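Next up, input-v6.pdb (PDB, N, CA and C atoms and all ligand atoms):
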ATOM      1  N   MET A1181     -14.137  13.717 -16.326  1.00  0.00           N
ATOM      2  CA  MET A1181     -13.381  12.465 -16.189  1.00  0.00           C
ATOM      3  C   MET A1181     -12.426  12.570 -15.007  1.00  0.00           C
ATOM      4  N   ARG A1182     -12.454  11.566 -14.171  1.00  0.00           N
ATOM      5  CA  ARG A1182     -11.563  11.561 -13.013  1.00  0.00           C
ATOM      6  C   ARG A1182     -10.172  11.140 -13.420  1.00  0.00           C
ATOM      7  N   LYS A1183      -9.207  11.927 -13.035  1.00  0.00           N
ATOM      8  CA  LYS A1183      -7.827  11.586 -13.382  1.00  0.00           C
ATOM      9  C   LYS A1183      -7.200  10.765 -12.274  1.00  0.00           C
ATOM     10  N   THR A1184      -6.566   9.697 -12.668  1.00  0.00           N
ATOM     11  CA  THR A1184      -5.840   8.882 -11.703  1.00  0.00           C
ATOM     12  C   THR A1184      -4.415   8.663 -12.215  1.00  0.00           C
ATOM     13  N   VAL A1185      -3.558   8.328 -11.290  1.00  0.00           N
ATOM     14  CA  VAL A1185      -2.200   7.942 -11.657  1.00  0.00           C
ATOM     15  C   VAL A1185      -1.935   6.549 -11.100  1.00  0.00           C
ATOM     16  N   ASP A1186      -1.081   5.820 -11.795  1.00  0.00           N
ATOM     17  CA  ASP A1186      -0.665   4.503 -11.318  1.00  0.00           C
ATOM     18  C   ASP A1186       0.610   4.651 -10.512  1.00  0.00           C
ATOM     19  N   VAL A1187       0.566   4.131  -9.309  1.00  0.00           N
ATOM     20  CA  VAL A1187       1.746   4.137  -8.449  1.00  0.00           C
ATOM     21  C   VAL A1187       2.229   2.692  -8.333  1.00  0.00           C
ATOM     22  N   ILE A1188       3.518   2.496  -8.516  1.00  0.00           N
ATOM     23  CA  ILE A1188       4.091   1.151  -8.417  1.00  0.00           C
ATOM     24  C   ILE A1188       4.601   0.932  -6.991  1.00  0.00           C
ATOM     25  N   LEU A1189       4.184  -0.165  -6.400  1.00  0.00           N
ATOM     26  CA  LEU A1189       4.675  -0.545  -5.079  1.00  0.00           C
ATOM     27  C   LEU A1189       5.527  -1.800  -5.233  1.00  0.00           C
ATOM     28  N   ARG A1190       6.588  -1.876  -4.441  1.00  0.00           N
ATOM     29  CA  ARG A1190       7.539  -2.977  -4.619  1.00  0.00           C
ATOM     30  C   ARG A1190       7.776  -3.735  -3.318  1.00  0.00           C
ATOM     31  N   ASN A1191       8.213  -4.981  -3.504  1.00  0.00           N
ATOM     32  CA  ASN A1191       8.666  -5.803  -2.389  1.00  0.00           C
ATOM     33  C   ASN A1191       9.990  -6.415  -2.827  1.00  0.00           C
ATOM     34  N   ASP A1192      11.085  -5.942  -2.246  1.00  0.00           N
ATOM     35  CA  ASP A1192      12.397  -6.408  -2.697  1.00  0.00           C
ATOM     36  C   ASP A1192      12.771  -7.767  -2.106  1.00  0.00           C
ATOM     37  N   PHE A1193      11.979  -8.247  -1.168  1.00  0.00           N
ATOM     38  CA  PHE A1193      12.247  -9.568  -0.589  1.00  0.00           C
ATOM     39  C   PHE A1193      11.793 -10.660  -1.554  1.00  0.00           C
ATOM     40  N   HIS A1194      10.572 -10.501  -2.095  1.00  0.00           N
ATOM     41  CA  HIS A1194      10.042 -11.486  -3.038  1.00  0.00           C
ATOM     42  C   HIS A1194      10.304 -11.089  -4.490  1.00  0.00           C
ATOM     43  N   GLY A1195      10.765  -9.849  -4.719  1.00  0.00           N
ATOM     44  CA  GLY A1195      10.974  -9.371  -6.083  1.00  0.00           C
ATOM     45  C   GLY A1195       9.678  -9.129  -6.821  1.00  0.00           C
ATOM     46  N   THR A1196       8.639  -8.747  -6.106  1.00  0.00           N
ATOM     47  CA  THR A1196       7.333  -8.528  -6.709  1.00  0.00           C
ATOM     48  C   THR A1196       7.027  -7.033  -6.750  1.00  0.00           C
ATOM     49  N   LYS A1197       6.078  -6.677  -7.610  1.00  0.00           N
ATOM     50  CA  LYS A1197       5.567  -5.312  -7.608  1.00  0.00           C
ATOM     51  C   LYS A1197       4.131  -5.322  -8.096  1.00  0.00           C
ATOM     52  N   CYS A1198       3.421  -4.266  -7.771  1.00  0.00           N
ATOM     53  CA  CYS A1198       2.057  -4.132  -8.245  1.00  0.00           C
ATOM     54  C   CYS A1198       1.752  -2.652  -8.362  1.00  0.00           C
ATOM     55  N   SER A1199       0.694  -2.346  -9.096  1.00  0.00           N
ATOM     56  CA  SER A1199       0.337  -0.946  -9.251  1.00  0.00           C
ATOM     57  C   SER A1199      -1.001  -0.684  -8.589  1.00  0.00           C
ATOM     58  N   VAL A1200      -1.149   0.524  -8.102  1.00  0.00           N
ATOM     59  CA  VAL A1200      -2.402   0.936  -7.504  1.00  0.00           C
ATOM     60  C   VAL A1200      -2.771   2.284  -8.103  1.00  0.00           C
ATOM     61  N   LYS A1201      -4.054   2.439  -8.455  1.00  0.00           N
ATOM     62  CA  LYS A1201      -4.521   3.706  -9.017  1.00  0.00           C
ATOM     63  C   LYS A1201      -4.938   4.635  -7.888  1.00  0.00           C
ATOM     64  N   ILE A1202      -4.411   5.844  -7.916  1.00  0.00           N
ATOM     65  CA  ILE A1202      -4.804   6.831  -6.919  1.00  0.00           C
ATOM     66  C   ILE A1202      -5.155   8.136  -7.625  1.00  0.00           C
ATOM     67  N   PRO A1203      -5.956   8.982  -6.992  1.00  0.00           N
ATOM     68  CA  PRO A1203      -6.312  10.260  -7.621  1.00  0.00           C
ATOM     69  C   PRO A1203      -5.069  11.093  -7.910  1.00  0.00           C
ATOM     70  N   ALA A1204      -5.031  11.708  -9.082  1.00  0.00           N
ATOM     71  CA  ALA A1204      -3.831  12.424  -9.511  1.00  0.00           C
ATOM     72  C   ALA A1204      -3.641  13.747  -8.780  1.00  0.00           C
ATOM     73  N   ASN A1205      -4.725  14.315  -8.287  1.00  0.00           N
ATOM     74  CA  ASN A1205      -4.644  15.694  -7.792  1.00  0.00           C
ATOM     75  C   ASN A1205      -4.554  15.787  -6.274  1.00  0.00           C
ATOM     76  N   VAL A1206      -4.245  14.696  -5.607  1.00  0.00           N
ATOM     77  CA  VAL A1206      -4.085  14.765  -4.159  1.00  0.00           C
ATOM     78  C   VAL A1206      -2.653  14.381  -3.796  1.00  0.00           C
ATOM     79  N   ARG A1207      -2.165  14.984  -2.724  1.00  0.00           N
ATOM     80  CA  ARG A1207      -0.800  14.675  -2.294  1.00  0.00           C
ATOM     81  C   ARG A1207      -0.789  13.421  -1.427  1.00  0.00           C
ATOM     82  N   HIS A1208      -1.778  13.319  -0.532  1.00  0.00           N
ATOM     83  CA  HIS A1208      -1.874  12.164   0.351  1.00  0.00           C
ATOM     84  C   HIS A1208      -3.113  11.363  -0.014  1.00  0.00           C
ATOM     85  N   HIS A1209      -2.948  10.087  -0.135  1.00  0.00           N
ATOM     86  CA  HIS A1209      -4.094   9.236  -0.421  1.00  0.00           C
ATOM     87  C   HIS A1209      -4.013   7.993   0.457  1.00  0.00           C
ATOM     88  N   THR A1210      -5.055   7.772   1.241  1.00  0.00           N
ATOM     89  CA  THR A1210      -5.115   6.574   2.074  1.00  0.00           C
ATOM     90  C   THR A1210      -5.935   5.523   1.333  1.00  0.00           C
ATOM     91  N   VAL A1211      -5.352   4.366   1.128  1.00  0.00           N
ATOM     92  CA  VAL A1211      -6.054   3.325   0.377  1.00  0.00           C
ATOM     93  C   VAL A1211      -7.080   2.647   1.280  1.00  0.00           C
ATOM     94  N   SER A1212      -8.069   2.054   0.667  1.00  0.00           N
ATOM     95  CA  SER A1212      -9.081   1.321   1.415  1.00  0.00           C
ATOM     96  C   SER A1212      -8.482   0.024   1.936  1.00  0.00           C
ATOM     97  N   ARG A1213      -9.142  -0.550   2.917  1.00  0.00           N
ATOM     98  CA  ARG A1213      -8.662  -1.830   3.456  1.00  0.00           C
ATOM     99  C   ARG A1213      -8.623  -2.908   2.393  1.00  0.00           C
ATOM    100  N   SER A1214      -9.665  -2.945   1.547  1.00  0.00           N
ATOM    101  CA  SER A1214      -9.705  -4.005   0.536  1.00  0.00           C
ATOM    102  C   SER A1214      -8.556  -3.836  -0.451  1.00  0.00           C
ATOM    103  N   THR A1215      -8.238  -2.583  -0.789  1.00  0.00           N
ATOM    104  CA  THR A1215      -7.091  -2.340  -1.671  1.00  0.00           C
ATOM    105  C   THR A1215      -5.803  -2.753  -0.981  1.00  0.00           C
ATOM    106  N   TYR A1216      -5.705  -2.420   0.302  1.00  0.00           N
ATOM    107  CA  TYR A1216      -4.510  -2.798   1.062  1.00  0.00           C
ATOM    108  C   TYR A1216      -4.300  -4.316   1.029  1.00  0.00           C
ATOM    109  N   TYR A1217      -5.366  -5.067   1.265  1.00  0.00           N
ATOM    110  CA  TYR A1217      -5.216  -6.525   1.292  1.00  0.00           C
ATOM    111  C   TYR A1217      -4.920  -7.089  -0.085  1.00  0.00           C
ATOM    112  N   LYS A1218      -5.490  -6.450  -1.126  1.00  0.00           N
ATOM    113  CA  LYS A1218      -5.180  -6.901  -2.482  1.00  0.00           C
ATOM    114  C   LYS A1218      -3.697  -6.681  -2.772  1.00  0.00           C
ATOM    115  N   ILE A1219      -3.172  -5.521  -2.375  1.00  0.00           N
ATOM    116  CA  ILE A1219      -1.761  -5.219  -2.590  1.00  0.00           C
ATOM    117  C   ILE A1219      -0.887  -6.216  -1.828  1.00  0.00           C
ATOM    118  N   CYS A1220      -1.275  -6.528  -0.586  1.00  0.00           N
ATOM    119  CA  CYS A1220      -0.507  -7.506   0.187  1.00  0.00           C
ATOM    120  C   CYS A1220      -0.496  -8.861  -0.496  1.00  0.00           C
ATOM    121  N   ARG A1221      -1.642  -9.260  -1.064  1.00  0.00           N
ATOM    122  CA  ARG A1221      -1.699 -10.534  -1.779  1.00  0.00           C
ATOM    123  C   ARG A1221      -0.798 -10.508  -3.002  1.00  0.00           C
ATOM    124  N   ASP A1222      -0.822  -9.387  -3.730  1.00  0.00           N
ATOM    125  CA  ASP A1222      -0.017  -9.283  -4.945  1.00  0.00           C
ATOM    126  C   ASP A1222       1.478  -9.284  -4.624  1.00  0.00           C
ATOM    127  N   LEU A1223       1.852  -8.628  -3.540  1.00  0.00           N
ATOM    128  CA  LEU A1223       3.274  -8.469  -3.231  1.00  0.00           C
ATOM    129  C   LEU A1223       3.842  -9.658  -2.482  1.00  0.00           C
ATOM    130  N   CYS A1224       3.031 -10.328  -1.690  1.00  0.00           N
ATOM    131  CA  CYS A1224       3.561 -11.401  -0.850  1.00  0.00           C
ATOM    132  C   CYS A1224       2.722 -12.659  -1.005  1.00  0.00           C
ATOM    133  N   GLY A1225       1.474 -12.613  -0.583  1.00  0.00           N
ATOM    134  CA  GLY A1225       0.593 -13.752  -0.770  1.00  0.00           C
ATOM    135  C   GLY A1225       0.551 -14.703   0.402  1.00  0.00           C
ATOM    136  N   SER A1226       1.486 -14.585   1.326  1.00  0.00           N
ATOM    137  CA  SER A1226       1.483 -15.474   2.474  1.00  0.00           C
ATOM    138  C   SER A1226       1.090 -14.709   3.725  1.00  0.00           C
ATOM    139  N   PRO A1227      -0.032 -15.061   4.352  1.00  0.00           N
ATOM    140  CA  PRO A1227      -0.454 -14.310   5.541  1.00  0.00           C
ATOM    141  C   PRO A1227       0.489 -14.473   6.726  1.00  0.00           C
ATOM    142  N   THR A1228       1.318 -15.507   6.712  1.00  0.00           N
ATOM    143  CA  THR A1228       2.218 -15.733   7.844  1.00  0.00           C
ATOM    144  C   THR A1228       3.626 -15.204   7.592  1.00  0.00           C
ATOM    145  N   CYS A1229       3.857 -14.657   6.402  1.00  0.00           N
ATOM    146  CA  CYS A1229       5.184 -14.135   6.067  1.00  0.00           C
ATOM    147  C   CYS A1229       5.437 -12.846   6.850  1.00  0.00           C
ATOM    148  N   THR A1230       6.673 -12.648   7.233  1.00  0.00           N
ATOM    149  CA  THR A1230       7.007 -11.458   8.015  1.00  0.00           C
ATOM    150  C   THR A1230       7.790 -10.436   7.188  1.00  0.00           C
ATOM    151  N   CYS A1231       7.672 -10.511   5.862  1.00  0.00           N
ATOM    152  CA  CYS A1231       8.463  -9.605   5.019  1.00  0.00           C
ATOM    153  C   CYS A1231       8.007  -8.159   5.134  1.00  0.00           C
ATOM    154  N   GLY A1232       6.750  -7.938   5.530  1.00  0.00           N
ATOM    155  CA  GLY A1232       6.261  -6.567   5.653  1.00  0.00           C
ATOM    156  C   GLY A1232       5.521  -6.079   4.419  1.00  0.00           C
ATOM    157  N   GLN A1233       5.369  -6.924   3.409  1.00  0.00           N
ATOM    158  CA  GLN A1233       4.606  -6.663   2.189  1.00  0.00           C
ATOM    159  C   GLN A1233       5.182  -5.537   1.319  1.00  0.00           C
ATOM    160  N   ILE A1234       5.126  -4.298   1.792  1.00  0.00           N
ATOM    161  CA  ILE A1234       5.686  -3.197   1.005  1.00  0.00           C
ATOM    162  C   ILE A1234       7.066  -2.907   1.581  1.00  0.00           C
ATOM    163  N   ARG A1235       8.100  -3.202   0.832  1.00  0.00           N
ATOM    164  CA  ARG A1235       9.448  -2.999   1.375  1.00  0.00           C
ATOM    165  C   ARG A1235      10.435  -2.740   0.243  1.00  0.00           C
ATOM    166  N   GLY A1236      11.545  -2.145   0.605  1.00  0.00           N
ATOM    167  CA  GLY A1236      12.543  -1.770  -0.379  1.00  0.00           C
ATOM    168  C   GLY A1236      12.250  -0.404  -0.960  1.00  0.00           C
ATOM    169  N   TYR A1237      12.934  -0.081  -2.050  1.00  0.00           N
ATOM    170  CA  TYR A1237      12.789   1.241  -2.645  1.00  0.00           C
ATOM    171  C   TYR A1237      11.388   1.434  -3.213  1.00  0.00           C
ATOM    172  N   GLN A1238      10.793   2.589  -2.931  1.00  0.00           N
ATOM    173  CA  GLN A1238       9.474   2.945  -3.489  1.00  0.00           C
ATOM    174  C   GLN A1238       9.583   4.301  -4.174  1.00  0.00           C
ATOM    175  N   ASP A1239       8.714   4.512  -5.176  1.00  0.00           N
ATOM    176  CA  ASP A1239       8.673   5.806  -5.864  1.00  0.00           C
ATOM    177  C   ASP A1239       7.987   6.871  -5.015  1.00  0.00           C
ATOM    178  N   VAL A1240       7.169   6.422  -4.099  1.00  0.00           N
ATOM    179  CA  VAL A1240       6.372   7.340  -3.281  1.00  0.00           C
ATOM    180  C   VAL A1240       6.661   7.061  -1.820  1.00  0.00           C
ATOM    181  N   HIS A1241       6.215   7.958  -0.969  1.00  0.00           N
ATOM    182  CA  HIS A1241       6.386   7.751   0.465  1.00  0.00           C
ATOM    183  C   HIS A1241       5.172   6.995   1.001  1.00  0.00           C
ATOM    184  N   ILE A1242       5.421   5.941   1.763  1.00  0.00           N
ATOM    185  CA  ILE A1242       4.355   5.100   2.284  1.00  0.00           C
ATOM    186  C   ILE A1242       4.348   5.198   3.812  1.00  0.00           C
ATOM    187  N   ASP A1243       3.197   5.513   4.365  1.00  0.00           N
ATOM    188  CA  ASP A1243       3.018   5.438   5.811  1.00  0.00           C
ATOM    189  C   ASP A1243       2.006   4.345   6.106  1.00  0.00           C
ATOM    190  N   VAL A1244       2.459   3.298   6.740  1.00  0.00           N
ATOM    191  CA  VAL A1244       1.549   2.201   7.069  1.00  0.00           C
ATOM    192  C   VAL A1244       0.861   2.523   8.387  1.00  0.00           C
ATOM    193  N   ASP A1245      -0.448   2.403   8.396  1.00  0.00           N
ATOM    194  CA  ASP A1245      -1.229   2.644   9.607  1.00  0.00           C
ATOM    195  C   ASP A1245      -1.756   1.295  10.082  1.00  0.00           C
ATOM    196  N   ILE A1246      -1.216   0.836  11.180  1.00  0.00           N
ATOM    197  CA  ILE A1246      -1.703  -0.426  11.734  1.00  0.00           C
ATOM    198  C   ILE A1246      -2.530  -0.098  12.960  1.00  0.00           C
ATOM    199  N   ASP A1247      -3.741  -0.540  12.945  1.00  0.00           N
ATOM    200  CA  ASP A1247      -4.710  -0.118  13.929  1.00  0.00           C
ATOM    201  C   ASP A1247      -5.588  -1.307  14.297  1.00  0.00           C
ATOM    202  N   ILE A1248      -6.056  -1.323  15.515  1.00  0.00           N
ATOM    203  CA  ILE A1248      -7.005  -2.356  15.914  1.00  0.00           C
ATOM    204  C   ILE A1248      -8.393  -1.717  15.991  1.00  0.00           C
ATOM    205  N   GLY A1249      -9.314  -2.250  15.236  1.00  0.00           N
ATOM    206  CA  GLY A1249     -10.657  -1.685  15.187  1.00  0.00           C
ATOM    207  C   GLY A1249     -11.479  -2.076  16.399  1.00  0.00           C
ATOM    208  N   PRO A1250     -12.692  -1.517  16.497  1.00  0.00           N
ATOM    209  CA  PRO A1250     -13.561  -1.799  17.641  1.00  0.00           C
ATOM    210  C   PRO A1250     -13.958  -3.270  17.734  1.00  0.00           C
ATOM    211  N   ASP A1251     -13.888  -3.988  16.614  1.00  0.00           N
ATOM    212  CA  ASP A1251     -14.231  -5.411  16.631  1.00  0.00           C
ATOM    213  C   ASP A1251     -13.035  -6.262  17.043  1.00  0.00           C
ATOM    214  N   GLY A1252     -11.910  -5.635  17.375  1.00  0.00           N
ATOM    215  CA  GLY A1252     -10.739  -6.385  17.800  1.00  0.00           C
ATOM    216  C   GLY A1252      -9.885  -6.875  16.664  1.00  0.00           C
ATOM    217  N   ARG A1253     -10.336  -6.665  15.431  1.00  0.00           N
ATOM    218  CA  ARG A1253      -9.537  -7.087  14.275  1.00  0.00           C
ATOM    219  C   ARG A1253      -8.703  -5.909  13.802  1.00  0.00           C
ATOM    220  N   SER A1254      -7.570  -6.231  13.230  1.00  0.00           N
ATOM    221  CA  SER A1254      -6.734  -5.136  12.774  1.00  0.00           C
ATOM    222  C   SER A1254      -7.329  -4.532  11.521  1.00  0.00           C
ATOM    223  N   CYS A1255      -7.243  -3.254  11.390  1.00  0.00           N
ATOM    224  CA  CYS A1255      -7.739  -2.574  10.185  1.00  0.00           C
ATOM    225  C   CYS A1255      -6.586  -1.814   9.561  1.00  0.00           C
ATOM    226  N   ASP A1256      -5.674  -2.557   9.007  1.00  0.00           N
ATOM    227  CA  ASP A1256      -4.486  -1.977   8.419  1.00  0.00           C
ATOM    228  C   ASP A1256      -4.811  -1.266   7.115  1.00  0.00           C
ATOM    229  N   THR A1257      -4.141  -0.198   6.885  1.00  0.00           N
ATOM    230  CA  THR A1257      -4.166   0.450   5.587  1.00  0.00           C
ATOM    231  C   THR A1257      -2.905   1.286   5.496  1.00  0.00           C
ATOM    232  N   PHE A1258      -2.753   2.029   4.422  1.00  0.00           N
ATOM    233  CA  PHE A1258      -1.592   2.896   4.370  1.00  0.00           C
ATOM    234  C   PHE A1258      -1.888   4.125   3.539  1.00  0.00           C
ATOM    235  N   THR A1259      -1.067   5.123   3.757  1.00  0.00           N
ATOM    236  CA  THR A1259      -1.218   6.398   3.066  1.00  0.00           C
ATOM    237  C   THR A1259      -0.054   6.579   2.106  1.00  0.00           C
ATOM    238  N   ILE A1260      -0.385   6.940   0.872  1.00  0.00           N
ATOM    239  CA  ILE A1260       0.629   7.205  -0.142  1.00  0.00           C
ATOM    240  C   ILE A1260       0.809   8.712  -0.253  1.00  0.00           C
ATOM    241  N   THR A1261       2.032   9.156  -0.153  1.00  0.00           N
ATOM    242  CA  THR A1261       2.335  10.563  -0.412  1.00  0.00           C
ATOM    243  C   THR A1261       3.084  10.618  -1.731  1.00  0.00           C
ATOM    244  N   GLN A1262       2.527  11.398  -2.677  1.00  0.00           N
ATOM    245  CA  GLN A1262       2.991  11.286  -4.059  1.00  0.00           C
ATOM    246  C   GLN A1262       4.347  11.901  -4.321  1.00  0.00           C
ATOM    247  N   ASP A1263       4.713  12.919  -3.576  1.00  0.00           N
ATOM    248  CA  ASP A1263       6.070  13.425  -3.769  1.00  0.00           C
ATOM    249  C   ASP A1263       6.805  13.298  -2.441  1.00  0.00           C
ATOM    250  N   LYS A1264       8.080  13.071  -2.540  1.00  0.00           N
ATOM    251  CA  LYS A1264       8.846  12.755  -1.342  1.00  0.00           C
ATOM    252  C   LYS A1264       9.366  13.998  -0.645  1.00  0.00           C
ATOM    253  N   ASN A1265       9.164  15.169  -1.246  1.00  0.00           N
ATOM    254  CA  ASN A1265       9.734  16.381  -0.674  1.00  0.00           C
ATOM    255  C   ASN A1265       8.806  17.009   0.364  1.00  0.00           C
TER     256      ASN A1265
HETATM  257 ZN    ZN B1301       6.360 -12.082   2.148  1.00  0.00          ZN
END
Let's see the structure in the file written out as structure tokens.
Ligand SMILES: [Zn+2]
Amino acid sequence: MRKTVDVILRNDFHGTKCSVKIPANVRHHTVSRSTYYKICRDLCGSPTCTCGQIRGYQDVHIDVDIDIGPDGRSCDTFTITQDKN
């Protein structure tokens, strides 16, 4: 059985939060693009909002990777680091 943990992500601008399941036994986990967009929808929902989607206090360390893919579209995702130390 694969073990996962739920990580809570927050947006203090909209007062929203959502959870994402990540593998329990890894320190760094990069979410898929589809997961990233689902999280953005859950936390903000407005594609034109400039709140930054994941903002405010978080339980985990988040590194957002904003990248432009070969097709010219952005392929944003982010990496969750489970412990802050
Ligand atoms: Zn927003």
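Taking all atoms listed in the file into account, every polymer residue with at least one atom at most 6.5 Å away from ligand ZN 1301 (chain B) is listed here: His1194, Leu1223, Cys1224, Gly1225, Ser1226, Cys1229, Thr1230, Cys1231, Gly1232 and Gln1233 of chain A.
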Using all atoms listed in the file, which residue out of A:Asp1256, A:Asp1222, A:Asp1192, A:Asp1186 lies closest to Val1244 of chain A? A:Asp1256
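Counting from atom N of Ile1234 of chain A, the distance to atom N of Tyr1216 of chain A is 11.1 Å.
In this model, the gap between atom C of Ser1214 of chain A and atom C of Gln1262 of chain A comes to 20.7 Å.
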Skip Leu1189 of chain A itself and residues of its chain fewer than 6 positions away, then list as a PyMOL selection string all residues within 7 Å of it, counting only C-alpha atoms. chain A and resi 1197-1199+1234+1238
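When atom CA of Tyr1217 of chain A is paired with atom CA of Asn1205 of chain A, their separation reads 24.0 Å.
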Show me, as JSON, the centre and edge lengths in Å to one decimal of the axis-aligned box that covers every listed atom of segment 1204-1211 of chain A with 6 Å on each side.
{"center_x": -3.9, "center_y": 9.2, "center_z": -3.7, "size_x": 18.3, "size_y": 25.1, "size_z": 23.6}
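For the structure shown here, the set of residues caught by the PyMOL selection byres (((chain A and resi 1260) around 7) and not hetatm) is Arg1207, His1208, His1209, Thr1210, Val1211, Val1240, His1241, Ile1242, Asp1243, Phe1258, Thr1259, Thr1261, Gln1262 and Asp1263 of chain A.
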When you look at Lys1201 of chain A with a cut-off of 8 Å (counting only N, CA and C atoms), what residues show up, excluding the ones that are within fewer than 6 positions of it in the same chain? I need them as an MDAnalysis selection string. chainID A and resid 1183:1188
Based on the backbone DSSP call, show me all residues of chain A assigned alpha helix (DSSP H), as a PyMOL selection string. chain A and resi 1213-1223
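Remark: for Arg1213 of chain A, the closest of the candidate residues A:Thr1228, A:Asn1191, A:Thr1196, A:Thr1257 is A:Thr1257 (distances computed over only N, CA and C atoms).
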I'd like to know which residues of chain A are strand (DSSP E or B) (by DSSP, run on the backbone); could you write them as a ChimeraX atom specification? /A:1184-1191,1196-1203,1208-1210,1235,1241-1245,1248,1254,1257-1261
Could you tell me which of A:Thr1215, A:Gly1252, A:Cys1220, A:Ala1204 comes closest to Arg1235 of chain A if we count only C-alpha atoms?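 Using only C-alpha atoms, Arg1235 of chain A sits closest to A:Cys1220.
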